[in-house]
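Undergrad: See model-v1.cif below, with mmCIF, C-alpha atoms.
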data_upload
loop_
_atom_site.label_atom_id
_atom_site.label_comp_id
_atom_site.auth_asym_id
_atom_site.auth_seq_id
_atom_site.Cartn_x
_atom_site.Cartn_y
_atom_site.Cartn_z
CA MET A 1 -42.45 -107.97 337.09
CA ALA A 2 -42.09 -111.41 335.58
CA LYS A 3 -41.76 -114.33 337.93
CA GLY A 4 -38.43 -116.06 337.97
CA LYS A 5 -35.56 -117.15 340.18
CA ARG A 6 -33.44 -114.55 341.87
CA GLY A 7 -29.93 -113.98 340.54
CA GLN A 8 -27.77 -111.14 341.81
CA PRO A 9 -29.44 -108.90 344.42
CA GLY A 10 -32.37 -107.13 342.77
CA VAL A 11 -32.11 -109.22 339.56
CA VAL A 12 -34.83 -111.66 338.57
CA LEU A 13 -33.67 -114.54 336.38
CA LEU A 14 -36.08 -114.71 333.47
CA SER A 15 -36.61 -117.81 331.40
CA ARG A 16 -35.80 -117.74 327.68
CA ASN A 17 -39.53 -117.53 326.89
CA GLN A 18 -40.03 -114.64 329.30
CA ARG A 19 -37.08 -112.73 327.81
CA GLU A 20 -38.30 -113.28 324.25
CA ARG A 21 -41.84 -112.23 325.14
CA ILE A 22 -40.48 -108.97 326.60
CA ARG A 23 -38.18 -108.45 323.59
CA ARG A 24 -41.08 -108.87 321.13
CA GLN A 25 -43.07 -106.17 322.95
CA TYR A 26 -40.42 -103.68 321.86
CA ARG A 27 -40.14 -104.76 318.23
CA PRO A 28 -40.88 -101.78 315.99
CA THR A 29 -43.20 -102.13 313.03
CA HIS A 30 -40.30 -101.27 310.72
CA VAL A 31 -36.78 -101.99 311.95
CA ARG A 32 -34.37 -99.31 310.74
CA LEU A 33 -31.38 -100.26 312.87
CA LEU A 34 -30.92 -103.84 314.04
CA PHE A 35 -28.52 -104.29 316.94
CA ILE A 36 -27.15 -107.79 317.37
CA GLY A 37 -25.69 -108.83 320.71
CA GLU A 38 -23.99 -112.05 321.67
CA SER A 39 -26.54 -113.24 324.26
CA PRO A 40 -28.39 -112.13 327.35
CA PRO A 41 -25.91 -112.01 330.24
CA ALA A 42 -25.65 -114.97 332.63
CA SER A 43 -26.13 -112.48 335.50
CA GLY A 44 -29.86 -112.40 334.72
CA ARG A 45 -29.75 -108.78 333.64
CA PHE A 46 -31.49 -108.05 330.34
CA PHE A 47 -31.48 -105.07 327.96
CA TYR A 48 -35.27 -104.94 327.67
CA HIS A 49 -35.58 -105.22 331.43
CA ALA A 50 -33.66 -101.93 331.62
CA ASP A 51 -31.04 -103.28 334.01
CA SER A 52 -27.98 -104.24 331.93
CA GLY A 53 -24.73 -102.48 331.13
CA LEU A 54 -25.66 -102.54 327.44
CA TYR A 55 -28.96 -100.83 328.28
CA ARG A 56 -27.13 -98.03 330.12
CA ALA A 57 -24.55 -97.55 327.33
CA MET A 58 -27.23 -97.53 324.63
CA ARG A 59 -29.31 -95.04 326.63
CA GLU A 60 -26.19 -92.86 326.92
CA ALA A 61 -25.78 -92.92 323.12
CA PHE A 62 -29.42 -91.89 322.66
CA GLN A 63 -29.01 -89.13 325.25
CA ALA A 64 -26.00 -87.81 323.29
CA VAL A 65 -28.41 -87.25 320.40
CA ASP A 66 -31.38 -86.13 322.50
CA PRO A 67 -30.72 -85.08 326.11
CA SER A 68 -34.45 -85.26 326.88
CA VAL A 69 -34.30 -89.09 326.74
CA THR A 70 -34.74 -90.41 330.27
CA ASP A 71 -34.48 -93.80 331.87
CA ALA A 72 -38.28 -93.96 331.91
CA SER A 73 -38.62 -93.07 328.20
CA PHE A 74 -35.60 -94.80 326.70
CA LEU A 75 -37.07 -98.15 325.60
CA THR A 76 -40.06 -96.42 324.01
CA VAL A 77 -37.74 -93.97 322.22
CA PHE A 78 -35.52 -96.88 321.12
CA GLN A 79 -38.54 -98.67 319.64
CA SER A 80 -40.10 -95.57 318.05
CA SER A 81 -36.75 -94.81 316.39
CA GLY A 82 -36.98 -98.17 314.59
CA CYS A 83 -34.25 -99.75 316.70
CA TYR A 84 -34.35 -103.35 317.85
CA LEU A 85 -31.87 -105.55 319.70
CA VAL A 86 -31.69 -109.30 319.14
CA ASP A 87 -29.15 -111.79 320.43
CA LEU A 88 -27.21 -114.35 318.45
CA SER A 89 -27.75 -116.89 321.22
CA LEU A 90 -31.01 -116.84 323.14
CA ASP A 91 -29.31 -118.39 326.15
CA PRO A 92 -26.45 -116.79 328.10
CA VAL A 93 -22.97 -117.69 326.86
CA ASP A 94 -20.74 -115.29 328.78
CA HIS A 95 -20.15 -117.87 331.53
CA LEU A 96 -18.87 -120.50 329.05
CA GLU A 97 -15.25 -121.20 328.19
CA ARG A 98 -14.09 -119.81 324.84
CA THR A 99 -14.66 -122.87 322.59
CA ALA A 100 -18.12 -123.64 324.00
CA ARG A 101 -19.05 -119.96 323.83
CA ARG A 102 -18.05 -119.74 320.17
CA ALA A 103 -19.95 -122.96 319.34
CA ALA A 104 -23.07 -121.67 321.09
CA CYS A 105 -22.88 -118.45 319.09
CA ARG A 106 -22.25 -120.28 315.82
CA SER A 107 -25.35 -122.43 316.48
CA GLY A 108 -27.46 -119.25 316.42
CA GLU A 109 -26.38 -118.28 312.91
CA GLU A 110 -29.29 -119.92 311.06
CA SER A 111 -31.90 -118.37 313.35
CA LEU A 112 -30.25 -114.97 313.04
CA SER A 113 -30.23 -115.32 309.27
CA LYS A 114 -34.00 -115.90 309.33
CA THR A 115 -34.47 -112.88 311.59
CA ILE A 116 -32.45 -110.65 309.26
CA ALA A 117 -34.41 -111.94 306.24
CA LEU A 118 -37.69 -111.24 308.04
CA LEU A 119 -36.84 -107.77 309.36
CA ARG A 120 -34.76 -106.53 306.38
CA PRO A 121 -33.18 -103.64 308.28
CA PRO A 122 -31.27 -101.05 306.27
CA ALA A 123 -28.48 -101.17 308.87
CA ILE A 124 -27.06 -103.71 311.32
CA VAL A 125 -24.82 -103.03 314.30
CA THR A 126 -22.90 -105.86 315.94
CA VAL A 127 -22.49 -105.06 319.61
CA VAL A 128 -19.66 -107.51 320.36
CA ARG A 129 -16.67 -107.75 318.05
CA THR A 130 -16.22 -111.50 318.58
CA ILE A 131 -19.49 -112.20 316.73
CA GLU A 132 -18.74 -110.09 313.64
CA GLY A 133 -17.92 -113.05 311.39
CA ILE A 134 -21.02 -114.99 312.41
CA VAL A 135 -23.25 -111.96 311.83
CA ILE A 136 -21.66 -111.35 308.42
CA ASP A 137 -22.28 -115.01 307.51
CA ALA A 138 -25.90 -114.82 308.72
CA ALA A 139 -26.52 -111.63 306.75
CA SER A 140 -25.03 -113.21 303.63
CA ARG A 141 -27.23 -116.28 304.06
CA ALA A 142 -30.24 -113.95 304.26
CA ASN A 143 -29.16 -112.22 301.03
CA TRP A 144 -29.15 -109.02 303.03
CA ARG A 145 -27.65 -105.89 301.56
CA GLY A 146 -27.21 -102.87 303.74
CA PHE A 147 -24.89 -100.96 306.00
CA MET A 148 -23.12 -102.89 308.77
CA VAL A 149 -21.18 -101.43 311.66
CA HIS A 150 -19.19 -103.27 314.30
CA VAL A 151 -18.78 -101.68 317.72
CA PRO A 152 -16.96 -102.92 320.79
CA TYR A 153 -19.03 -104.04 323.73
CA PRO A 154 -19.22 -100.92 325.93
CA GLY A 155 -18.40 -102.84 329.12
CA ARG A 156 -16.90 -101.23 332.18
CA TRP A 157 -13.93 -99.52 330.56
CA SER A 158 -14.20 -95.94 329.38
CA ARG A 159 -12.44 -96.31 325.99
CA PRO A 160 -14.77 -99.02 324.53
CA ARG A 161 -17.80 -97.21 325.96
CA GLN A 162 -16.68 -93.91 324.41
CA THR A 163 -16.10 -95.63 321.03
CA PHE A 164 -19.51 -97.31 321.32
CA VAL A 165 -21.32 -94.01 321.99
CA GLU A 166 -19.37 -91.99 319.40
CA THR A 167 -19.91 -94.60 316.67
CA LEU A 168 -23.63 -94.94 317.35
CA THR A 169 -24.46 -91.25 317.73
CA PRO A 170 -24.69 -90.45 313.96
CA LEU A 171 -26.62 -93.68 313.29
CA ILE A 172 -29.10 -92.87 316.04
CA ALA A 173 -29.44 -89.28 314.80
CA GLY A 174 -30.30 -90.69 311.37
CA CYS A 175 -33.02 -92.90 312.83
CA ARG A 176 -34.43 -90.10 314.97
CA GLY A 177 -34.40 -87.51 312.16
#
Let me see the file written as structure tokens.

TA:
Amino acid sequence: MAKGKRGQPGVVLLSRNQRERIRRQYRPTHVRLLFIGESPPASGRFFYHADSGLYRAMREAFQAVDPSVTDASFLTVFQSSGCYLVDLSLDPVDHLERTARRAACRSGEESLSKTIALLRPPAIVTVVRTIEGIVIDAASRANWRGFMVHVPYPGRWSRPRQTFVETLTPLIAGCRG
């Protein structure tokens, strides 16, 4: 496990460089479905560390397509399916007040545009509805043409999580098929 400060019990706070190094390990050779999140959570949890709520909801969506996907295999299956998750902001923003949070996200637009131009995914999924406009602007800046879907953050509530899983299931099936 990477060295870092302790956050919540059992959670190691990774630095930005540590998170990005882990993220890059899971980048597929060809990205078919690019997921774009707002930022890593301030809690210290991280999708590619297999300990976040987004990780669990995404794993659930993959399991809806293929029940043989396990916790141990999920990130490898995610990668081999051509899926990749990046964040608009590389630093946590969920602890910021609304205006500062929006500004931090907006400041990631140029970098995201470069990422989209580099990866050229056929499809993009925004994982938080509040970043839709920024992602659309970044994709436009990258002259990207493809299929874009916006899903609610799955969070703790059953309705957004159900919508998240149901919306992603056909997209995941297409990547896995």

Undergrad: Between A:Leu96, A:Leu112, A:Leu119, A:Cys175, which has the minimum distance to Ser140 in chain A (counting only C-alpha atoms)?

TA: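 Ranked by minimum distance to Ser140 in chain A, first place goes to A:Leu112.
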
Undergrad: Which residue, A:Thr29, A:Glu109, A:Phe62, A:Leu90, has the smallest gap to Leu14 in chain A when you use all atoms listed in the file?

TA: A:Leu90

Undergrad: Going by the chain IDs and residue numbers used in this file, which residues fall under the PyMOL selection byres ((chain A and resi 31-33) around 7)? Write them as a PyMOL selection string.

TA: chain A and resi 28-30+34-35+82-84+119+121-124+175

Undergrad: So, counting only C-alpha atoms, which residue among A:Asp51, A:Tyr26, A:Ala100, A:Val127 is closest to Val77 in chain A?

TA: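 Using only C-alpha atoms, the shortest distance to Val77 in chain A belongs to A:Tyr26.
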
Undergrad: When you look at Gln63 in chain A with a cut-off of 12 Å (counting all atoms listed in the file), what residues show up, excluding the ones that are within fewer than 2 positions of it in the same chain? I need them as a list of chain:residue names.

TA: A:Arg56, A:Ala57, A:Met58, A:Arg59, A:Glu60, A:Ala61, A:Val65, A:Asp66, A:Pro67, A:Ser68, A:Val69, A:Thr70, A:Asp71, A:Ser73, A:Phe74, A:Val77, A:Phe78, A:Val165, A:Glu166, A:Leu168, A:Thr169, A:Ile172, A:Ala173, A:Arg176

Undergrad: Pull out every residue that the PyMOL selection byres ((chain A and resi 107) around 12) matches in the shown coordinates and put them as number ranges by chain.

TA: A: 38, 87-91, 93, 100-106, 108-113, 131, 134-135, 138

Undergrad: When you count only C-alpha atoms, which of these residues is closest to Ala64 in chain A: A:Gly155, A:Pro40, A:Pro170, A:Gly133?

TA: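 Counting only C-alpha atoms, the residue closest to Ala64 in chain A is A:Pro170.
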
Undergrad: May I ask for the distance between CA of Gln18 in chain A and CA of Tyr55 in chain A, given in Å to one decimal place?

TA: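 Between CA of Gln18 in chain A and CA of Tyr55 in chain A the gap is 17.7 Å.
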
Undergrad: So, with only C-alpha atoms as the atoms that count, which of A:Leu54, A:Val86, A:Ile116, A:Val128 lies closest to Ala142 in chain A?

TA: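 Closest residue, counting only C-alpha atoms: A:Ile116.
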
Undergrad: Between CA of Ile36 in chain A and CA of Asp94 in chain A, what is the spacing in Å?

TA: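 Going from CA of Asp94 in chain A over to CA of Ile36 in chain A, I get 15.1 Å.
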
Undergrad: Rounded to one decimal in Å, what is the spacing between CA of Glu97 in chain A and CA of Phe47 in chain A?

TA: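 We find that CA of Glu97 in chain A and CA of Phe47 in chain A lie 22.9 Å from each other.
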
Undergrad: Can you give me, as number ranges by chain, the residues this file yields under the PyMOL selection byres ((chain A and resi 46) around 10)?

TA: A: 11-14, 19, 22-23, 39-45, 47-55

Undergrad: Measuring atom to atom with all atoms listed in the file, identify which of A:Arg161, A:Arg16, A:Arg21, A:Lys114 is nearest to Asp137 in chain A.

TA: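 Ranking A:Arg161, A:Arg16, A:Arg21, A:Lys114 by distance to Asp137 in chain A, first place goes to A:Lys114.
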